[in-house]
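Printed here is input08.cif (mmCIF, C-alpha atoms):
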```cif
data_protein
loop_
_atom_site.label_atom_id
_atom_site.label_comp_id
_atom_site.auth_asym_id
_atom_site.auth_seq_id
_atom_site.Cartn_x
_atom_site.Cartn_y
_atom_site.Cartn_z
CA MET A 1 0.00 0.00 0.00
CA ILE A 2 1.15 3.50 -0.76
CA LYS A 3 1.61 6.15 1.90
CA VAL A 4 1.78 9.76 0.78
CA ASP A 5 3.51 12.59 2.59
CA ALA A 6 1.22 15.50 1.71
CA SER A 7 3.81 18.08 2.73
CA LEU A 8 6.26 16.73 0.14
CA CYS A 9 3.98 15.84 -2.79
CA LEU A 10 4.36 18.22 -5.75
CA GLY A 11 1.21 17.09 -7.52
CA CYS A 12 3.26 16.39 -10.64
CA LEU A 13 1.55 13.08 -11.59
CA SER A 14 4.81 11.14 -12.10
CA CYS A 15 3.46 8.30 -9.95
CA SER A 16 0.23 8.15 -11.88
CA ASN A 17 2.13 8.12 -15.18
CA VAL A 18 4.45 5.26 -14.24
CA CYS A 19 1.90 3.04 -12.42
CA PRO A 20 1.48 -0.08 -14.55
CA SER A 21 -1.90 -0.99 -12.98
CA GLN A 22 -3.65 2.40 -13.04
CA ASN A 23 -3.90 2.45 -9.26
CA ILE A 24 -3.20 6.17 -9.08
CA THR A 25 -5.94 8.19 -10.68
CA ARG A 26 -6.10 11.89 -11.40
CA SER A 27 -8.58 14.48 -12.52
CA GLU A 28 -8.45 18.14 -13.39
CA VAL A 29 -11.66 20.09 -12.99
CA SER A 30 -12.08 23.89 -12.92
CA GLY A 31 -8.53 24.78 -11.96
CA LYS A 32 -8.12 22.01 -9.43
CA ARG A 33 -5.97 18.89 -9.81
CA SER A 34 -6.93 15.89 -7.69
CA ILE A 35 -4.91 12.72 -7.21
CA HIS A 36 -6.20 9.53 -5.67
CA TRP A 37 -4.03 6.61 -4.60
CA LYS A 38 -6.02 3.37 -4.52
CA ARG A 39 -5.27 0.69 -1.96
CA CYS A 40 -2.64 -1.27 -3.82
CA LYS A 41 -1.50 -4.84 -3.30
CA GLU A 42 0.99 -5.07 -6.16
CA GLU A 43 4.58 -6.01 -5.54
CA CYS A 44 5.87 -3.00 -7.32
CA ASP A 45 7.54 0.20 -6.23
CA LEU A 46 7.75 2.18 -9.47
CA CYS A 47 5.77 5.09 -8.03
CA VAL A 48 8.12 5.31 -5.05
CA GLU A 49 11.20 5.13 -7.25
CA PHE A 50 9.99 7.75 -9.71
CA CYS A 51 8.66 10.34 -7.27
CA PRO A 52 10.76 13.49 -7.73
CA ALA A 53 9.95 14.62 -4.19
CA LYS A 54 10.36 11.26 -2.42
CA ALA A 55 6.87 11.75 -1.05
CA LEU A 56 5.76 8.14 -1.37
CA LYS A 57 6.59 5.00 0.53
CA LEU A 58 5.19 1.50 0.72
CA VAL A 59 3.56 0.35 3.94
CA ALA A 60 1.87 -2.87 4.99
CA PHE A 61 -1.62 -3.38 3.59
CA ASP A 62 -4.35 -2.26 5.94
CA GLU A 63 -8.02 -2.17 4.97
CA ASN A 64 -8.86 0.36 7.68
CA VAL A 65 -6.53 3.03 6.46
CA PRO A 66 -8.36 5.41 4.10
CA GLU A 67 -7.07 5.74 0.55
CA PRO A 68 -4.93 8.86 0.23
CA ASP A 69 -6.37 11.80 -1.68
CA LEU A 70 -4.75 15.13 -2.45
CA SER A 71 -5.89 18.12 -4.39
CA PHE A 72 -4.02 21.16 -5.63
CA ASP A 73 -5.32 24.52 -6.80
CA LEU A 74 -3.58 25.17 -10.10
CA VAL A 75 -1.70 28.46 -10.24
CA ALA A 76 -2.95 31.06 -12.75
CA CYS A 77 -0.57 32.61 -15.26
CA ARG A 78 0.25 36.25 -14.39
CA ILE A 79 -0.58 37.29 -17.94
CA CYS A 80 -3.33 35.14 -19.44
CA LYS A 81 -4.73 33.72 -16.18
CA SER A 82 -4.82 30.16 -17.53
CA ARG A 83 -4.18 27.57 -14.82
CA TYR A 84 -0.93 25.86 -15.70
CA ALA A 85 0.91 24.35 -12.70
CA THR A 86 0.71 23.43 -9.04
CA GLU A 87 2.27 25.74 -6.47
CA PRO A 88 4.70 23.11 -5.09
CA MET A 89 5.98 22.41 -8.64
CA LEU A 90 6.73 26.10 -9.20
CA ARG A 91 8.42 26.31 -5.79
CA ARG A 92 10.51 23.30 -6.72
CA ILE A 93 11.63 25.04 -9.95
CA GLU A 94 12.45 28.20 -7.99
CA SER A 95 14.54 26.29 -5.49
CA THR A 96 16.35 24.16 -8.11
CA LEU A 97 17.35 26.76 -10.69
CA PRO A 98 20.27 29.08 -9.90
CA LEU A 99 19.09 32.62 -9.12
CA SER A 100 20.92 34.01 -12.15
CA MET A 101 18.59 31.94 -14.34
CA GLN A 102 15.50 33.36 -12.66
CA LYS A 103 16.20 36.98 -13.58
CA ASP A 104 14.27 38.42 -16.46
CA ALA A 105 13.87 41.61 -18.39
CA THR A 106 10.08 41.74 -18.26
CA GLY A 107 9.88 42.61 -14.57
CA LEU A 108 7.42 39.76 -14.15
CA GLU A 109 8.86 36.59 -12.73
CA TRP A 110 8.94 34.30 -15.76
CA ILE A 111 8.42 31.16 -13.71
CA ARG A 112 5.00 32.57 -12.80
CA ILE A 113 4.10 32.95 -16.47
CA CYS A 114 2.64 30.05 -18.44
CA PRO A 115 4.64 28.45 -21.30
CA VAL A 116 2.35 29.90 -24.00
CA CYS A 117 2.86 33.46 -22.75
CA ARG A 118 6.60 32.81 -22.43
CA ARG A 119 6.68 32.02 -26.14
CA ASP A 120 4.74 35.21 -26.88
CA ILE A 121 7.22 37.28 -24.90
CA GLU A 122 10.12 35.70 -26.78
CA ALA A 123 8.39 36.44 -30.12
CA GLN A 124 7.87 40.09 -29.12
CA ARG A 125 11.49 40.44 -28.03
CA ALA A 126 12.78 39.03 -31.31
CA THR A 127 10.41 41.28 -33.27
CA GLN A 128 11.62 44.43 -31.50
CA GLN A 129 15.18 43.51 -32.42
CA MET A 130 14.24 42.88 -36.04
CA VAL A 131 12.21 46.07 -36.46
CA GLN A 132 15.15 48.15 -35.28
CA GLY A 133 17.15 46.73 -38.14
CA ARG A 134 14.54 47.77 -40.71
CA THR A 135 15.77 51.11 -41.90
CA SER A 136 13.01 53.33 -43.19
CA LYS A 137 13.36 54.31 -46.82
CA SER A 138 13.39 58.03 -46.09
CA LEU A 139 16.70 57.63 -44.32
CA LYS A 140 18.40 56.20 -47.39
CA LYS A 141 19.93 58.65 -49.80
CA MET B 1 21.20 27.41 -30.64
CA PRO B 2 21.82 25.01 -33.49
CA VAL B 3 18.89 26.23 -35.63
CA TYR B 4 19.06 29.97 -36.24
CA ILE B 5 16.18 32.22 -37.23
CA ASP B 6 16.22 35.34 -39.35
CA ILE B 7 12.73 36.56 -38.63
CA SER B 8 12.95 39.37 -41.17
CA ARG B 9 12.71 36.59 -43.76
CA CYS B 10 9.89 34.61 -42.11
CA ILE B 11 6.67 34.86 -44.12
CA GLY B 12 4.48 33.21 -41.47
CA CYS B 13 3.46 30.27 -43.66
CA ARG B 14 3.85 27.78 -40.79
CA SER B 15 5.51 25.21 -43.07
CA CYS B 16 8.04 24.53 -40.31
CA GLU B 17 5.22 23.63 -37.90
CA VAL B 18 3.75 21.18 -40.37
CA ALA B 19 7.09 19.65 -41.30
CA CYS B 20 7.96 19.19 -37.63
CA GLN B 21 4.67 17.47 -36.92
CA ARG B 22 5.12 15.22 -39.94
CA VAL B 23 8.55 14.06 -38.78
CA HIS B 24 7.52 13.64 -35.14
CA GLY B 25 4.32 11.63 -35.50
CA GLY B 26 1.91 14.52 -35.16
CA ARG B 27 3.49 16.18 -32.14
CA GLY B 28 5.38 19.24 -33.30
CA HIS B 29 7.88 21.33 -31.42
CA VAL B 30 7.75 24.56 -33.41
CA ASN B 31 5.15 27.28 -32.87
CA VAL B 32 4.89 30.25 -35.17
CA HIS B 33 3.81 33.27 -33.13
CA PHE B 34 2.42 36.36 -34.81
CA VAL B 35 3.31 39.76 -33.38
CA GLY B 36 0.55 42.01 -34.68
CA ASP B 37 1.08 42.79 -38.35
CA THR B 38 4.78 43.23 -37.82
CA ALA B 39 6.31 39.80 -37.75
CA SER B 40 5.88 36.09 -37.49
CA VAL B 41 8.35 34.27 -35.29
CA PRO B 42 8.93 30.51 -35.21
CA ILE B 43 9.63 29.64 -31.56
CA PHE B 44 11.45 26.41 -30.75
CA CYS B 45 14.17 24.97 -28.49
CA HIS B 46 17.33 27.06 -28.23
CA HIS B 47 19.37 24.06 -27.09
CA CYS B 48 20.75 26.24 -24.28
CA GLU B 49 24.32 25.63 -23.21
CA GLU B 50 23.21 25.56 -19.58
CA ALA B 51 19.74 24.18 -20.06
CA ASN B 52 17.21 24.68 -17.27
CA CYS B 53 15.26 21.64 -18.41
CA THR B 54 18.27 19.39 -17.82
CA VAL B 55 18.86 20.98 -14.39
CA VAL B 56 15.36 20.19 -13.09
CA CYS B 57 15.02 16.75 -14.75
CA PHE B 58 15.47 14.32 -11.87
CA THR B 59 15.79 11.12 -13.88
CA GLY B 60 18.35 12.38 -16.40
CA ALA B 61 15.91 11.96 -19.30
CA LEU B 62 16.84 15.44 -20.51
CA HIS B 63 20.58 15.81 -20.90
CA LYS B 64 23.22 17.52 -22.99
CA GLU B 65 24.73 15.61 -25.90
CA GLY B 66 27.29 18.03 -27.26
CA GLU B 67 25.40 21.06 -28.54
CA ARG B 68 22.10 19.24 -28.51
CA THR B 69 19.73 19.11 -25.54
CA ALA B 70 18.74 15.50 -25.93
CA PHE B 71 15.84 13.54 -24.52
CA ASP B 72 15.71 9.89 -23.49
CA VAL B 73 12.09 8.81 -23.64
CA GLU B 74 12.79 5.64 -21.62
CA LYS B 75 13.70 7.68 -18.54
CA CYS B 76 10.86 10.20 -18.65
CA THR B 77 8.13 9.98 -16.00
CA GLY B 78 6.07 12.86 -17.39
CA CYS B 79 6.40 14.95 -14.22
CA GLY B 80 6.32 18.16 -16.24
CA LEU B 81 9.05 20.00 -14.32
CA CYS B 82 10.98 20.59 -17.57
CA ARG B 83 7.96 22.28 -19.12
CA LEU B 84 7.82 24.71 -16.21
CA ALA B 85 11.58 25.30 -16.10
CA CYS B 86 11.97 26.30 -19.75
CA PRO B 87 12.04 30.12 -19.99
CA PHE B 88 10.94 29.97 -23.63
CA GLY B 89 8.04 27.55 -23.18
CA VAL B 90 9.35 25.05 -25.72
CA VAL B 91 9.23 21.78 -23.79
CA TRP B 92 5.84 20.08 -23.75
CA THR B 93 4.50 17.31 -21.54
CA ASP B 94 1.43 15.30 -22.36
CA LYS B 95 1.99 12.26 -20.16
CA ILE B 96 5.52 12.31 -21.50
CA ALA B 97 7.86 15.16 -22.38
CA HIS B 98 8.65 16.11 -25.95
CA LYS B 99 10.81 18.79 -27.48
CA CYS B 100 12.97 19.64 -30.49
CA ASP B 101 15.57 16.94 -31.11
CA LEU B 102 17.05 18.70 -34.15
CA CYS B 103 15.59 15.80 -36.14
CA ASP B 104 18.13 13.39 -34.74
CA GLY B 105 18.93 10.65 -37.25
CA ARG B 106 17.68 12.57 -40.28
CA GLU B 107 20.50 12.75 -42.77
CA SER B 108 19.45 16.03 -44.34
CA GLY B 109 19.30 17.77 -40.94
CA PRO B 110 16.36 19.49 -39.22
CA THR B 111 13.24 19.32 -41.36
CA CYS B 112 12.15 22.89 -40.48
CA VAL B 113 15.34 24.18 -42.08
CA THR B 114 15.02 22.15 -45.28
CA THR B 115 11.31 22.99 -45.53
CA CYS B 116 11.39 26.76 -44.95
CA PRO B 117 10.54 28.31 -48.35
CA ALA B 118 11.77 31.74 -47.26
CA ASN B 119 15.24 30.70 -46.15
CA ALA B 120 14.55 32.09 -42.67
CA LEU B 121 15.94 29.08 -40.82
CA SER B 122 19.48 27.79 -41.02
CA THR B 123 21.98 25.70 -39.12
CA ASP B 124 24.86 27.81 -40.31
CA PHE B 125 26.29 29.80 -37.39
CA ASP B 126 28.53 31.95 -39.60
CA LEU B 127 25.58 32.95 -41.79
CA ALA B 128 23.46 33.83 -38.75
CA ALA B 129 26.36 35.79 -37.23
CA SER B 130 27.07 37.74 -40.41
CA ARG B 131 23.37 38.61 -40.84
CA ALA B 132 23.26 39.86 -37.24
CA ARG B 133 26.41 41.92 -37.76
CA ALA B 134 25.03 43.42 -40.97
CA ARG B 135 21.83 44.37 -39.16
CA ALA B 136 23.76 45.99 -36.30
CA ALA B 137 25.93 47.92 -38.75
CA LYS B 138 22.88 49.15 -40.67
CA ILE B 139 21.31 50.41 -37.44
CA ALA B 140 24.54 52.19 -36.51
CA VAL B 141 24.91 53.91 -39.90
CA LEU B 142 21.32 54.70 -40.87
CA GLY B 143 19.62 54.82 -37.50
CA GLY B 144 17.07 52.23 -36.51
CA ARG B 145 13.33 52.41 -36.90
CA LYS B 146 11.50 52.42 -33.59
#
```

Show me this structure written as structure tokens.
Amino acid sequence: MIKVDASLCLGCLSCSNVCPSQNITRSEVSGKRSIHWKRCKEECDLCVEFCPAKALKLVAFDENVPEPDLSFDLVACRICKSRYATEPMLRRIESTLPLSMQKDATGLEWIRICPVCRRDIEAQRATQQMVQGRTSKSLKK
Amino acid sequence: MPVYIDISRCIGCRSCEVACQRVHGGRGHVNVHFVGDTASVPIFCHHCEEANCTVVCFTGALHKEGERTAFDVEKCTGCGLCRLACPFGVVWTDKIAHKCDLCDGRESGPTCVTTCPANALSTDFDLAASRARARAAKIAVLGGRK
């Protein structure tokens, strides 16, 4: 049976992805991600091995222990407000990446911006650079 | 960045997107973004020297192979940390991560480059560098447009 340490779980769904018997189910409804670990009797520890946060461990089977359930409010992008990640995942990124990598020119913290908006920002930056290089015809003699 | 873009040449036809999807079984890694009427910009993996995605990947699925930021599908758990760590938003995870692999194994090189009808994409560093220098020189001499 799987025991979950709620204070460590990132809500990343690794365990659910690697489980060969679909014993870890997930759902995402209106900005909320829920994960449910079924009572599991398999002799398998893939979920434990592949948890990035080491939040899972195997314990002896016990019918009286309730099945673990966790839910995470997905964080909204600072620009487009789409819900794109769990708070613990973003914290994990912030604590793993060197601070020099977290700086940005936009003044917004890029980690708090969703991947789609990050691509938009990059496109705008490249465009500004390109437009500068377009010399207007009136300047040419 | 082993594929270089000259966006002043990009005509926004999205051929690179289609070619990428064709080579990668329907899941493409190029997105053409339109900036008003001014420009269209294909956005894809920069293959960063110090790649954030490889720093946060805890299984070593994402790793550097020379210039390339390579991906080992066997090691991926689909946790999605790479997607959130990429400053350019060019790593995707749908159950499993996927990103630009520079068309690894294709003899003629990246398909976006061979497909681009406008010659906006290239793998030639010297060409990209000389275009950038020419642009900078033009701005210096003639003044840039704001």

With the PyMOL selection byres ((chain B) within 10 of (chain A)) as the selection, what would be picked from this file? Answer as a ChimeraX atom specification, please. /B:5-8,31-36,38-44,50-53,55-59,75-92,95-96,132,134-146

Explicit residue set for the PyMOL selection byres ((chain A and resi 40) around 9), as an MDAnalysis selection string: chainID A and resid 1:2 23 37:39 41:43 61

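As for CA of Thr111 in chain B and CA of Pro2 in chain B, they are spaced 13.0 Å apart.
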
Quick one: everything within 10 Å of Val30 in chain B, counting all atoms listed in the file, minus sequence neighbours fewer than 4 positions away in the same chain. Send it as a VMD selection string. chain B and resid 14 to 21 41 to 45 90 99 to 100 112

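CA of Arg78 in chain A to CA of Glu49 in chain B spans 27.7 Å [interatomic distance, one decimal].
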
Of the listed residues B:Thr93, B:Cys10, B:His98, B:Gly28, that which approaches Val73 in chain B most closely, counting all atoms listed in the file: B:His98

On this structure, which residues satisfy the PyMOL selection byres ((chain B and resi 106-109) around 12), written as JSON, numbers by chain? {"B": [2, 3, 20, 23, 24, 101, 102, 103, 104, 105, 110, 111, 112, 113, 114, 115, 121, 122, 123, 124]}

If you measure from CA of Val59 in chain A to CA of Leu8 in chain A, what distance in Å do you get, rounded to one decimal? 17.0 Å

Provide an axis-aligned box for all listed atoms of range 60-67 of chain B, padding each side by 3 Å; report its centre and its edge lengths in Å to one decimal, as lines of an AutoDock Vina configuration file.
```
center_x = 21.6
center_y = 16.5
center_z = -22.5
size_x = 17.4
size_y = 15.1
size_z = 18.1
```

Residue with smallest distance to Phe72 in chain A - pool A:Asp5, A:Leu46, A:Ser27, A:Thr86, counting all atoms listed in the file: A:Thr86

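Nearest-residue note for Ala6 in chain A: choosing from A:Ala55, A:Cys44, A:Ile24, A:Val65, the minimum distance belongs to A:Ala55, counting only C-alpha atoms.
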
Complete range 53-83 of chain A with N, CA and C atoms (output as an mmCIF file, in the coordinates of the input).
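What landed in part24.cif:
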```
data_model
loop_
_atom_site.group_PDB
_atom_site.id
_atom_site.type_symbol
_atom_site.label_atom_id
_atom_site.label_comp_id
_atom_site.auth_asym_id
_atom_site.auth_seq_id
_atom_site.Cartn_x
_atom_site.Cartn_y
_atom_site.Cartn_z
ATOM 1 N N ALA A 53 9.897 13.992 -5.502
ATOM 2 C CA ALA A 53 9.950 14.620 -4.190
ATOM 3 C C ALA A 53 10.158 13.608 -3.057
ATOM 4 N N LYS A 54 10.271 12.342 -3.415
ATOM 5 C CA LYS A 54 10.360 11.260 -2.420
ATOM 6 C C LYS A 54 9.215 11.338 -1.408
ATOM 7 N N ALA A 55 8.027 11.570 -1.923
ATOM 8 C CA ALA A 55 6.870 11.750 -1.050
ATOM 9 C C ALA A 55 6.126 10.446 -0.783
ATOM 10 N N LEU A 56 6.499 9.388 -1.509
ATOM 11 C CA LEU A 56 5.760 8.140 -1.370
ATOM 12 C C LEU A 56 6.601 7.079 -0.676
ATOM 13 N N LYS A 57 5.929 6.228 0.090
ATOM 14 C CA LYS A 57 6.590 5.000 0.530
ATOM 15 C C LYS A 57 5.572 3.876 0.623
ATOM 16 N N LEU A 58 6.082 2.646 0.646
ATOM 17 C CA LEU A 58 5.190 1.500 0.720
ATOM 18 C C LEU A 58 5.047 1.086 2.180
ATOM 19 N N VAL A 59 3.806 0.827 2.581
ATOM 20 C CA VAL A 59 3.560 0.350 3.940
ATOM 21 C C VAL A 59 2.705 -0.919 3.864
ATOM 22 N N ALA A 60 2.626 -1.620 4.974
ATOM 23 C CA ALA A 60 1.870 -2.870 4.990
ATOM 24 C C ALA A 60 0.394 -2.613 4.688
ATOM 25 N N PHE A 61 -0.223 -3.547 3.989
ATOM 26 C CA PHE A 61 -1.620 -3.380 3.590
ATOM 27 C C PHE A 61 -2.531 -3.346 4.808
ATOM 28 N N ASP A 62 -3.417 -2.372 4.825
ATOM 29 C CA ASP A 62 -4.350 -2.260 5.940
ATOM 30 C C ASP A 62 -5.677 -1.722 5.420
ATOM 31 N N GLU A 63 -6.720 -2.540 5.514
ATOM 32 C CA GLU A 63 -8.020 -2.170 4.970
ATOM 33 C C GLU A 63 -8.625 -0.956 5.654
ATOM 34 N N ASN A 64 -8.226 -0.709 6.896
ATOM 35 C CA ASN A 64 -8.860 0.360 7.680
ATOM 36 C C ASN A 64 -8.274 1.744 7.414
ATOM 37 N N VAL A 65 -7.130 1.733 6.766
ATOM 38 C CA VAL A 65 -6.530 3.030 6.460
ATOM 39 C C VAL A 65 -7.206 3.602 5.212
ATOM 40 N N PRO A 66 -7.696 4.848 5.283
ATOM 41 C CA PRO A 66 -8.360 5.410 4.100
ATOM 42 C C PRO A 66 -7.391 5.619 2.942
ATOM 43 N N GLU A 67 -7.923 5.545 1.727
ATOM 44 C CA GLU A 67 -7.070 5.740 0.550
ATOM 45 C C GLU A 67 -6.660 7.210 0.474
ATOM 46 N N PRO A 68 -5.371 7.468 0.258
ATOM 47 C CA PRO A 68 -4.930 8.860 0.230
ATOM 48 C C PRO A 68 -5.498 9.632 -0.954
ATOM 49 N N ASP A 69 -5.778 10.884 -0.697
ATOM 50 C CA ASP A 69 -6.370 11.800 -1.680
ATOM 51 C C ASP A 69 -5.681 13.139 -1.497
ATOM 52 N N LEU A 70 -5.291 13.768 -2.575
ATOM 53 C CA LEU A 70 -4.750 15.130 -2.450
ATOM 54 C C LEU A 70 -5.315 15.972 -3.566
ATOM 55 N N SER A 71 -5.523 17.250 -3.274
ATOM 56 C CA SER A 71 -5.890 18.120 -4.390
ATOM 57 C C SER A 71 -5.115 19.425 -4.320
ATOM 58 N N PHE A 72 -4.849 19.962 -5.505
ATOM 59 C CA PHE A 72 -4.020 21.160 -5.630
ATOM 60 C C PHE A 72 -4.771 22.191 -6.467
ATOM 61 N N ASP A 73 -4.796 23.436 -5.975
ATOM 62 C CA ASP A 73 -5.320 24.520 -6.800
ATOM 63 C C ASP A 73 -4.241 24.875 -7.808
ATOM 64 N N LEU A 74 -4.582 24.830 -9.098
ATOM 65 C CA LEU A 74 -3.580 25.170 -10.100
ATOM 66 C C LEU A 74 -3.351 26.674 -10.118
ATOM 67 N N VAL A 75 -2.081 27.054 -10.274
ATOM 68 C CA VAL A 75 -1.700 28.460 -10.240
ATOM 69 C C VAL A 75 -2.053 29.120 -11.580
ATOM 70 N N ALA A 76 -2.590 30.349 -11.522
ATOM 71 C CA ALA A 76 -2.950 31.060 -12.750
ATOM 72 C C ALA A 76 -1.767 31.851 -13.284
ATOM 73 N N CYS A 77 -1.624 31.842 -14.601
ATOM 74 C CA CYS A 77 -0.570 32.610 -15.260
ATOM 75 C C CYS A 77 -0.758 34.095 -14.986
ATOM 76 N N ARG A 78 0.340 34.813 -14.713
ATOM 77 C CA ARG A 78 0.250 36.250 -14.390
ATOM 78 C C ARG A 78 -0.275 37.055 -15.565
ATOM 79 N N ILE A 79 -0.147 36.527 -16.776
ATOM 80 C CA ILE A 79 -0.580 37.290 -17.940
ATOM 81 C C ILE A 79 -1.962 36.838 -18.425
ATOM 82 N N CYS A 80 -2.080 35.565 -18.802
ATOM 83 C CA CYS A 80 -3.330 35.140 -19.440
ATOM 84 C C CYS A 80 -4.311 34.481 -18.475
ATOM 85 N N LYS A 81 -3.875 34.288 -17.232
ATOM 86 C CA LYS A 81 -4.730 33.720 -16.180
ATOM 87 C C LYS A 81 -5.088 32.250 -16.377
ATOM 88 N N SER A 82 -4.525 31.588 -17.396
ATOM 89 C CA SER A 82 -4.820 30.160 -17.530
ATOM 90 C C SER A 82 -4.118 29.414 -16.397
ATOM 91 N N ARG A 83 -4.741 28.339 -15.939
ATOM 92 C CA ARG A 83 -4.180 27.570 -14.820
ATOM 93 C C ARG A 83 -3.199 26.578 -15.388
#
```
